[in-house]
$ cat model_28.tsv   # TSV, C-alpha atoms and all ligand atoms
chain	number	residue	atom	x	y	z
A	227	MET	CA	0.00	0.00	0.00
A	228	THR	CA	1.19	3.49	-0.65
A	229	GLN	CA	1.62	5.29	2.63
A	230	ALA	CA	0.56	8.64	1.15
A	231	THR	CA	-2.95	7.59	0.15
A	232	ARG	CA	-3.85	4.99	2.70
A	233	GLY	CA	-7.40	4.71	4.05
A	234	VAL	CA	-7.63	2.46	7.11
A	235	LEU	CA	-10.72	1.16	8.90
A	236	VAL	CA	-10.32	0.03	12.53
A	237	ALA	CA	-12.80	-1.96	14.64
A	238	GLY	CA	-12.20	-2.07	18.40
A	239	ALA	CA	-10.19	1.16	18.12
A	240	THR	CA	-11.44	2.55	21.44
A	241	GLY	CA	-9.96	-0.40	23.37
A	242	PHE	CA	-6.59	-0.71	25.04
A	243	ILE	CA	-4.69	-2.05	22.01
A	244	GLY	CA	-6.77	-0.03	19.57
A	245	ARG	CA	-5.84	3.28	21.19
A	246	GLY	CA	-2.15	2.44	20.82
A	247	VAL	CA	-2.59	1.44	17.19
A	248	MET	CA	-4.62	4.57	16.45
A	249	HIS	CA	-1.93	6.74	17.98
A	250	GLU	CA	0.62	5.33	15.51
A	251	LEU	CA	-1.70	5.44	12.53
A	252	LEU	CA	-2.74	9.04	13.19
A	253	ALA	CA	0.92	10.02	13.35
A	254	GLY	CA	1.33	8.77	9.76
A	255	LYS	CA	-0.41	9.71	6.54
A	256	ASN	CA	-3.56	7.68	7.03
A	257	ARG	CA	-7.20	8.57	6.58
A	258	MET	CA	-8.81	6.83	9.51
A	259	THR	CA	-12.31	5.43	9.79
A	260	VAL	CA	-13.45	3.85	13.07
A	261	TRP	CA	-16.30	1.36	13.36
A	262	THR	CA	-17.48	1.65	16.95
A	263	ARG	CA	-20.41	0.95	19.24
A	264	ARG	CA	-19.38	4.03	21.28
A	265	PRO	CA	-19.11	7.05	18.96
A	266	GLU	CA	-19.05	9.51	21.90
A	267	THR	CA	-15.96	7.82	23.32
A	268	ALA	CA	-14.29	7.79	19.92
A	269	ARG	CA	-15.14	11.45	19.36
A	270	ARG	CA	-13.68	12.32	22.75
A	271	LEU	CA	-10.49	10.44	21.88
A	272	TRP	CA	-9.88	11.70	18.36
A	273	GLY	CA	-12.25	14.59	17.64
A	274	ASP	CA	-12.68	15.20	13.93
A	275	ARG	CA	-9.47	13.46	12.95
A	276	VAL	CA	-11.33	10.22	12.18
A	277	GLY	CA	-14.50	9.28	10.34
A	278	LEU	CA	-16.89	7.48	12.70
A	279	VAL	CA	-19.51	4.88	11.83
A	280	THR	CA	-21.66	2.71	14.06
A	281	ARG	CA	-22.73	0.51	11.12
A	282	LEU	CA	-20.47	-0.56	8.28
A	283	GLU	CA	-23.18	0.30	5.74
A	284	GLU	CA	-22.70	3.97	6.70
A	285	ILE	CA	-19.26	3.98	5.06
A	286	PRO	CA	-19.73	5.86	1.77
A	287	ALA	CA	-18.82	3.88	-1.35
A	288	ASP	CA	-16.35	6.58	-2.39
A	289	TRP	CA	-14.28	6.40	0.82
A	290	ALA	CA	-11.25	4.42	-0.27
A	291	ILE	CA	-10.35	1.86	2.40
A	292	GLU	CA	-7.14	0.00	1.64
A	293	GLY	CA	-6.54	-1.66	5.01
A	294	VAL	CA	-8.75	-3.02	7.80
A	295	ILE	CA	-7.69	-3.75	11.38
A	296	ASN	CA	-10.05	-5.79	13.55
A	297	LEU	CA	-9.54	-5.73	17.31
A	298	ALA	CA	-13.19	-5.95	18.40
A	299	GLY	CA	-14.37	-8.34	21.08
A	300	GLN	CA	-15.96	-8.62	24.50
A	301	PRO	CA	-13.20	-8.37	27.17
A	302	THR	CA	-11.87	-11.80	28.22
A	303	VAL	CA	-11.31	-10.78	31.83
A	304	GLY	CA	-14.50	-8.71	32.10
A	305	ALA	CA	-16.51	-11.28	34.07
A	306	PRO	CA	-16.44	-14.91	35.25
A	307	TRP	CA	-16.57	-17.36	32.39
A	308	THR	CA	-20.10	-18.62	32.79
A	309	ARG	CA	-21.55	-20.44	29.82
A	310	SER	CA	-23.33	-17.33	28.62
A	311	TYR	CA	-20.21	-15.16	29.02
A	312	ARG	CA	-18.15	-17.65	27.05
A	313	ASP	CA	-20.80	-17.55	24.33
A	314	GLN	CA	-20.48	-13.74	24.26
A	315	LEU	CA	-16.69	-13.97	24.03
A	316	VAL	CA	-16.96	-16.13	20.93
A	317	LYS	CA	-19.98	-14.48	19.35
A	318	SER	CA	-18.72	-10.91	19.75
A	319	ARG	CA	-15.50	-11.81	17.91
A	320	VAL	CA	-16.92	-14.06	15.24
A	321	ASP	CA	-19.86	-11.75	14.47
A	322	ALA	CA	-17.69	-8.63	14.21
A	323	THR	CA	-15.19	-10.45	11.99
A	324	ARG	CA	-17.88	-11.88	9.71
A	325	ALA	CA	-19.56	-8.48	9.45
A	326	LEU	CA	-16.24	-7.02	8.30
A	327	THR	CA	-15.44	-9.72	5.75
A	328	THR	CA	-18.99	-9.54	4.34
A	329	TRP	CA	-18.72	-5.76	4.06
A	330	MET	CA	-15.30	-6.09	2.43
A	331	ALA	CA	-16.64	-8.53	-0.15
A	332	GLY	CA	-19.41	-6.07	-1.03
A	333	ARG	CA	-17.04	-3.23	-1.86
A	334	ALA	CA	-16.45	-2.42	-5.52
A	335	VAL	CA	-12.74	-2.41	-4.67
A	336	PRO	CA	-12.21	-4.64	-1.61
A	337	PRO	CA	-9.51	-3.58	0.87
A	338	GLN	CA	-6.06	-4.97	0.13
A	339	VAL	CA	-5.43	-6.31	3.62
A	340	LEU	CA	-7.22	-7.41	6.79
A	341	VAL	CA	-5.18	-7.56	9.99
A	342	ASN	CA	-7.32	-9.56	12.39
A	343	ALA	CA	-6.63	-10.04	16.10
A	344	SER	CA	-6.28	-13.46	17.68
A	345	ALA	CA	-4.37	-14.66	20.73
A	346	VAL	CA	-1.69	-17.13	21.80
A	347	GLY	CA	-4.57	-18.94	23.49
A	348	PHE	CA	-4.75	-20.62	20.05
A	349	TYR	CA	-1.93	-22.95	21.19
A	350	GLY	CA	-3.59	-24.16	24.42
A	351	ASP	CA	-1.41	-25.53	27.23
A	352	ARG	CA	1.86	-26.73	25.65
A	353	GLY	CA	4.43	-27.11	28.43
A	354	GLU	CA	7.99	-26.75	27.13
A	355	GLU	CA	7.21	-27.00	23.39
A	356	ASN	CA	8.56	-24.21	21.16
A	357	LEU	CA	5.54	-22.71	19.39
A	358	THR	CA	5.86	-21.00	16.02
A	359	GLU	CA	3.16	-19.94	13.60
A	360	GLU	CA	3.47	-23.43	12.07
A	361	SER	CA	2.43	-25.16	15.30
A	362	PRO	CA	-1.01	-26.77	15.34
A	363	PRO	CA	-3.79	-25.48	17.62
A	364	GLY	CA	-4.12	-26.74	21.17
A	365	GLN	CA	-7.14	-27.75	23.19
A	366	GLY	CA	-9.54	-26.05	25.55
A	367	PHE	CA	-11.93	-23.13	25.37
A	368	LEU	CA	-9.39	-20.44	24.46
A	369	ALA	CA	-8.04	-22.53	21.59
A	370	GLU	CA	-11.57	-23.14	20.33
A	371	LEU	CA	-12.35	-19.43	20.61
A	372	CYS	CA	-9.26	-18.47	18.60
A	373	LEU	CA	-9.96	-21.15	15.99
A	374	ALA	CA	-13.51	-19.88	15.45
A	375	TRP	CA	-12.26	-16.27	15.30
A	376	GLU	CA	-9.48	-17.08	12.81
A	377	GLU	CA	-11.85	-19.20	10.74
A	378	ALA	CA	-14.22	-16.23	10.45
A	379	ALA	CA	-11.32	-14.04	9.29
A	380	ARG	CA	-10.44	-16.55	6.56
A	381	SER	CA	-13.63	-15.58	4.74
A	382	VAL	CA	-11.90	-12.44	3.40
A	383	PRO	CA	-12.64	-11.81	-0.26
A	384	PRO	CA	-10.25	-13.44	-2.73
A	385	GLY	CA	-7.30	-11.15	-3.35
A	386	THR	CA	-7.41	-9.58	0.13
A	387	ARG	CA	-4.29	-10.43	2.12
A	388	LEU	CA	-5.04	-11.77	5.60
A	389	CYS	CA	-2.74	-11.33	8.60
A	390	ILE	CA	-3.82	-12.94	11.87
A	391	THR	CA	-1.97	-11.38	14.79
A	392	ARG	CA	-1.81	-13.79	17.76
A	393	PHE	CA	-1.16	-11.53	20.74
A	394	GLY	CA	0.48	-12.57	23.98
A	395	LEU	CA	-0.34	-10.73	27.19
A	396	VAL	CA	-0.16	-7.07	26.18
A	397	LEU	CA	1.54	-4.64	28.56
A	398	GLY	CA	0.92	-0.89	28.40
A	399	ARG	CA	0.57	1.81	31.01
A	400	ASP	CA	-3.05	2.78	30.45
A	401	GLY	CA	-4.99	-0.45	30.24
A	402	GLY	CA	-4.99	-4.21	30.05
A	403	VAL	CA	-3.52	-6.14	32.96
A	404	TRP	CA	-0.66	-3.77	33.80
A	405	GLN	CA	-2.29	-1.49	36.41
A	406	PRO	CA	-3.81	-4.39	38.44
A	407	PHE	CA	-0.44	-6.21	38.23
A	408	LEU	CA	1.42	-3.13	39.39
A	409	ARG	CA	-1.00	-2.36	42.24
A	410	SER	CA	-0.73	-5.85	43.69
A	411	ALA	CA	3.07	-6.01	43.23
A	412	ARG	CA	3.46	-2.59	44.94
A	413	LEU	CA	1.53	-3.89	47.94
A	414	GLY	CA	3.81	-6.92	48.05
A	415	LEU	CA	0.84	-9.01	46.88
A	416	GLY	CA	2.22	-10.14	43.53
A	417	ALA	CA	1.83	-13.90	43.39
A	418	VAL	CA	3.40	-16.92	41.82
A	419	LEU	CA	0.57	-18.76	40.12
A	420	GLY	CA	0.69	-22.51	40.57
A	421	GLU	CA	4.33	-23.57	40.37
A	422	GLY	CA	5.10	-20.50	38.26
A	423	ARG	CA	6.97	-22.66	35.74
A	424	GLN	CA	4.47	-21.93	32.96
A	425	TRP	CA	5.80	-19.84	30.06
A	426	MET	CA	4.03	-16.50	29.96
A	427	PRO	CA	4.17	-14.82	26.54
A	428	TRP	CA	4.06	-11.05	26.96
A	429	VAL	CA	4.51	-8.11	24.59
A	430	HIS	CA	4.64	-4.34	24.99
A	431	ARG	CA	1.77	-2.47	23.37
A	432	ALA	CA	4.21	-0.37	21.33
A	433	ASP	CA	5.34	-3.59	19.63
A	434	VAL	CA	1.77	-4.72	19.07
A	435	ALA	CA	1.17	-1.46	17.20
A	436	GLY	CA	4.54	-1.87	15.46
A	437	VAL	CA	3.77	-5.37	14.18
A	438	ILE	CA	0.24	-4.37	13.08
A	439	LEU	CA	1.63	-1.45	11.07
A	440	ARG	CA	4.30	-3.72	9.61
A	441	ALA	CA	1.58	-6.18	8.60
A	442	LEU	CA	-0.37	-3.40	6.88
A	443	ASP	CA	2.69	-2.27	4.96
A	444	THR	CA	4.34	-5.57	3.97
A	445	PRO	CA	2.78	-7.39	1.02
A	446	SER	CA	4.82	-10.54	1.70
A	447	LEU	CA	3.52	-10.86	5.26
A	448	GLN	CA	0.44	-13.02	5.62
A	449	GLY	CA	-1.23	-15.71	7.69
A	450	PRO	CA	-0.70	-16.07	11.46
A	451	ILE	CA	1.89	-13.82	13.14
A	452	ASN	CA	2.90	-14.41	16.75
A	453	VAL	CA	2.99	-11.03	18.49
A	454	VAL	CA	5.08	-11.78	21.58
A	455	ALA	CA	8.38	-10.36	22.81
A	456	PRO	CA	11.45	-12.47	21.99
A	457	GLY	CA	12.51	-12.46	25.67
A	458	ALA	CA	10.19	-15.22	26.86
A	459	LEU	CA	9.85	-15.76	30.61
A	460	ARG	CA	8.17	-18.14	32.99
A	461	GLN	CA	5.45	-16.69	35.22
A	462	ARG	CA	7.66	-16.90	38.32
A	463	GLU	CA	10.53	-15.12	36.53
A	464	PHE	CA	8.15	-12.40	35.37
A	465	MET	CA	6.86	-11.74	38.90
A	466	THR	CA	10.35	-11.94	40.41
A	467	LEU	CA	11.69	-9.30	38.05
A	468	LEU	CA	8.72	-7.01	38.69
A	469	ALA	CA	8.97	-7.41	42.49
A	470	ARG	CA	12.71	-6.75	42.36
A	471	ARG	CA	12.23	-3.55	40.33
A	472	LEU	CA	9.72	-2.35	42.91
A	473	HIS	CA	11.88	-3.46	45.86
A	474	ARG	CA	9.01	-5.57	47.14
A	475	PRO	CA	8.96	-9.15	48.37
A	476	LEU	CA	7.45	-11.98	46.33
A	477	TRP	CA	6.16	-14.46	48.86
A	478	MET	CA	2.56	-15.14	47.81
A	479	LYS	CA	1.60	-18.26	45.96
A	480	THR	CA	-1.81	-18.96	44.48
A	481	PRO	CA	-2.21	-22.73	44.28
A	482	ALA	CA	-3.14	-24.10	40.89
A	483	PHE	CA	-6.13	-26.00	42.30
A	484	LEU	CA	-7.72	-22.69	43.41
A	485	LEU	CA	-7.29	-21.18	39.95
A	486	ARG	CA	-8.77	-24.32	38.43
A	487	LEU	CA	-11.91	-23.71	40.49
A	488	LEU	CA	-12.60	-20.56	38.46
A	489	PRO	CA	-15.67	-21.13	36.25
A	490	GLY	CA	-15.48	-22.23	32.64
A	491	GLU	CA	-11.72	-23.02	32.47
A	492	MET	CA	-10.91	-19.36	33.26
A	493	GLY	CA	-7.88	-20.60	35.21
A	494	SER	CA	-6.28	-21.53	31.87
A	495	LEU	CA	-5.63	-17.78	31.39
A	496	PHE	CA	-3.18	-17.97	34.29
A	497	LEU	CA	-1.89	-21.53	34.20
A	498	ASP	CA	-1.43	-22.49	30.55
A	499	SER	CA	2.19	-22.69	29.46
A	500	GLN	CA	2.99	-21.31	26.00
A	501	HIS	CA	6.56	-20.89	24.87
A	502	VAL	CA	5.69	-18.80	21.83
A	503	LEU	CA	8.34	-17.50	19.42
A	504	PRO	CA	7.80	-14.42	17.22
A	505	GLN	CA	9.34	-16.21	14.27
A	506	LYS	CA	7.47	-14.64	11.40
A	507	ALA	CA	7.81	-11.05	12.68
A	508	ARG	CA	11.54	-11.55	13.04
A	509	ASP	CA	11.88	-13.29	9.67
A	510	HIS	CA	10.32	-10.15	8.18
A	511	GLY	CA	12.86	-7.92	9.88
A	512	TYR	CA	10.66	-6.56	12.65
A	513	ASP	CA	12.93	-5.21	15.37
A	514	PHE	CA	11.16	-5.33	18.75
A	515	ARG	CA	11.41	-2.10	20.74
A	516	TYR	CA	11.01	-4.08	23.95
A	517	SER	CA	12.61	-7.50	23.53
A	518	GLU	CA	13.35	-8.11	27.20
A	519	LEU	CA	11.00	-7.58	30.12
A	520	SER	CA	13.61	-5.48	31.94
A	521	ASP	CA	13.47	-2.89	29.10
A	522	ALA	CA	9.66	-2.93	29.03
A	523	LEU	CA	9.53	-2.43	32.80
A	524	GLU	CA	11.71	0.68	32.53
A	525	GLU	CA	9.12	2.22	30.24
A	526	LEU	CA	6.09	0.93	32.14
A	527	LEU	CA	7.43	2.19	35.45
A	528	GLY	CA	8.13	5.59	33.92
A	529	ARG	CA	11.92	5.44	34.14
A	530	LEU	CA	12.61	5.80	30.44
B	1	LIG	N1	-5.00	-7.05	25.86
B	1	LIG	C1	-4.43	-8.24	25.77
B	1	LIG	O1	-3.51	-8.59	26.56
B	1	LIG	C2	-4.84	-9.19	24.67
B	1	LIG	C3	-4.17	-10.41	24.55
B	1	LIG	C4	-4.54	-11.29	23.55
B	1	LIG	C5	-5.58	-10.96	22.67
B	1	LIG	N2	-6.23	-9.77	22.83
B	1	LIG	C6	-7.33	-9.47	21.91
B	1	LIG	O2	-7.09	-8.27	21.19
B	1	LIG	C7	-8.30	-7.55	21.00
B	1	LIG	C8	-8.13	-6.15	21.54
B	1	LIG	O3	-7.76	-6.25	22.91
B	1	LIG	P1	-7.93	-5.03	23.92
B	1	LIG	O4	-7.14	-5.38	25.14
B	1	LIG	O5	-7.71	-3.76	23.22
B	1	LIG	O6	-9.48	-5.16	24.28
B	1	LIG	P2	-10.48	-4.05	24.86
B	1	LIG	O7	-9.74	-2.96	25.54
B	1	LIG	O8	-11.50	-4.80	25.66
B	1	LIG	O9	-11.15	-3.42	23.55
B	1	LIG	C9	-11.88	-4.20	22.66
B	1	LIG	C10	-12.79	-3.31	21.85
B	1	LIG	O10	-13.73	-4.18	21.21
B	1	LIG	C11	-15.01	-3.57	21.17
B	1	LIG	N3	-15.98	-4.45	21.87
B	1	LIG	C12	-16.12	-4.67	23.19
B	1	LIG	N4	-17.13	-5.53	23.44
B	1	LIG	C13	-17.62	-5.84	22.22
B	1	LIG	C14	-18.70	-6.66	21.79
B	1	LIG	N5	-19.47	-7.33	22.67
B	1	LIG	N6	-18.94	-6.76	20.45
B	1	LIG	C15	-18.17	-6.07	19.55
B	1	LIG	N7	-17.15	-5.27	19.92
B	1	LIG	C16	-16.90	-5.17	21.22
B	1	LIG	C17	-14.91	-2.22	21.89
B	1	LIG	O11	-14.83	-1.20	20.90
B	1	LIG	P3	-16.09	-0.20	20.63
B	1	LIG	O12	-16.76	0.03	21.94
B	1	LIG	O13	-15.41	1.01	20.06
B	1	LIG	O14	-16.97	-0.88	19.64
B	1	LIG	C18	-13.61	-2.32	22.66
B	1	LIG	O15	-12.99	-1.07	22.76
B	1	LIG	C19	-9.41	-8.30	21.76
B	1	LIG	O16	-10.20	-9.01	20.85
B	1	LIG	C20	-8.63	-9.24	22.67
B	1	LIG	O17	-9.28	-10.47	22.89
B	1	LIG	C21	-5.88	-8.88	23.79

$ encode --input "model_28.tsv" --output "structure tokens" --more "lines below"
Ligand SMILES: NC(=O)c1ccc[n+]([C@@H]2O[C@H](COP(=O)([O-])OP(=O)(O)OC[C@H]3O[C@@H](n4cnc5c(N)ncnc54)[C@H](OP(=O)(O)O)[C@@H]3O)[C@@H](O)[C@H]2O)c1
Amino acid sequence: MTQATRGVLVAGATGFIGRGVMHELLAGKNRMTVWTRRPETARRLWGDRVGLVTRLEEIPADWAIEGVINLAGQPTVGAPWTRSYRDQLVKSRVDATRALTTWMAGRAVPPQVLVNASAVGFYGDRGEENLTEESPPGQGFLAELCLAWEEAARSVPPGTRLCITRFGLVLGRDGGVWQPFLRSARLGLGAVLGEGRQWMPWVHRADVAGVILRALDTPSLQGPINVVAPGALRQREFMTLLARRLHRPLWMKTPAFLLRLLPGEMGSLFLDSQHVLPQKARDHGYDFRYSELSDALEELLGRL
């Protein structure tokens, strides 16, 4: 795509990752359109710098849209995973994705690329296995959710390039898990979960935005892309480093059996082990701004 004339549509832009991506896109030469359920929030965030629609049909036929980024979905940690909440987690993602691909197919000139969110939950609980984009899916609810979500994205019109960004745990100052993590660690209440040996794929939000922009711009990049920092850590190592930076003790342990009591396999969010490698991003020359957790913590703790 030519940077100078790029029209980009974003769904889920008002969310934690979306705001970071929008910040980068608005800094470049992009004409932004946001598909949102909350136009007042979007207007407060970006004023008149973006076109806002609450229904895709509102997008005029003569607005050129070359790229689409889909981050929409009900929050995974918003509520206990009852059966109905799990249904909403799947439905919100699959429905939004299908609505986008259907709309794309109806355009006289379909967008050139769809960058669709997914998650490392795709791989399930994999112990010590090295997981690249070539690895098969795992088992459990999160894997099924990601499979359904990715399957919906595969219905892009022929000729539209599809990038599926499988995010690890995203760290950024103003959202996601970071503030709750920081609050508990500051109180000396950061905990090792289970044995803490599980691999915990993390990534800084700046790199999530970086990889998404790279995916928009790189015609040879397609299919699944693991969006995780190269400096993989186990959960215990992650908490130890954070506690050390804050000069706080790390003495709490949350037994695995307690986490497994959470409804609807929600404990898998904390206990699954995924040693995920960002192979494709690196093969395409993406240079992570925050490769190691120590560097990311400097930024997150405001010392950079
Ligand atoms: N944050 C992470 O660590 C992480 C890790 C792995 C994967 N992901 C995935 O990446 C995507 C973005 O994550 P995020 O942290 O930015 O999430 P977020 O802050 O919860 O934002 C998601 C956005 O999706 C839209 N949305 C919310 N509920 C919806 C529903 N029921 N139906 C349709 N749209 C809905 C909202 O946008 P509007 O109100 O503007 O419509 C919201 O701002 C999510 O799909 C998430 O599962 C995130």

$ closest_residue --input "model_28.tsv" --among "A:Leu278, A:Leu395, A:Leu495, A:Leu315" --to "ligand LIG 1 (chain B)" --atoms "all atoms listed in the file"
A:Leu395

$ residues_near_point --input "model_28.tsv" --point "(-13.7, -17.6, 10.0)" --cutoff "10 Å" --atoms "all atoms listed in the file" --output "ChimeraX atom specification"
/A:319-321,323-324,327,372-382

$ atom_distance --input "model_28.tsv" --atom1 "atom N5 of ligand LIG 1 (chain B)" --atom2 "atom CA of Thr328 of chain A"
18.5 Å

$ residues_near_ligand --input "model_28.tsv" --ligand "ligand LIG 1 (chain B)" --cutoff "6 Å" --atoms "only C-alpha atoms and all ligand atoms" --output "list in words"
Gly238, Ala239, Thr240, Gly241, Phe242, Ile243, Gly244, Thr262, Arg263, Arg264, Leu297, Ala298, Gly299, Gln300, Pro301, Ser318, Ala322, Ala343, Ser344, Ala345, Phe393, Gly394, Leu395, Val396 and Gly402 of chain A

$ residues_around --input "model_28.tsv" --residues "Tyr349 of chain A" --least-positions-apart "6" --cutoff "9 Å" --atoms "all atoms listed in the file" --output "list in words"
Leu357, Ser361, Pro362, Pro363, Gly364, Gln365, Leu368, Ala369, Cys372, Gln500 and Val502 of chain A

$ residues_around --input "model_28.tsv" --residues "Leu519 of chain A" --least-positions-apart "5" --cutoff "10 Å" --atoms "all atoms listed in the file" --output "list in words"
Trp428, Val429, His430, Ala455, Pro456, Gly457, Ala458, Leu459, Glu463, Phe464, Leu467, Leu468, Glu524 and Glu525 of chain A

$ residues_around --input "model_28.tsv" --residues "Glu421 of chain A" --least-positions-apart "5" --cutoff "8 Å" --atoms "all atoms listed in the file" --output "VMD selection string"
chain A and resid 462 481 to 482

$ residues_near_point --input "model_28.tsv" --point "(-13.4, -11.0, -4.4)" --cutoff "10 Å" --atoms "all atoms listed in the file" --output "MDAnalysis selection string"
chainID A and resid 330:337 382:386

$ closest_residue --input "model_28.tsv" --among "A:Leu397, A:Ala411, A:Val236, A:Ile438" --to "Ile451 of chain A" --atoms "all atoms listed in the file"
A:Ile438

$ axis_aligned_box --input "model_28.tsv" --around "segment 415-426 of chain A" --padding-each-side "4 Å" --output "lines of an AutoDock Vina configuration file"
center_x = 3.8
center_y = -16.3
center_z = 38.4
size_x = 14.4
size_y = 22.6
size_z = 24.9

$ atom_distance --input "model_28.tsv" --atom1 "atom CA of Ile295 of chain A" --atom2 "atom CA of Asp313 of chain A"
23.0 Å

$ closest_residue --input "model_28.tsv" --among "A:Lys317, A:Arg352, A:Arg423, A:Arg412" --to "Gln461 of chain A" --atoms "all atoms listed in the file"
A:Arg423
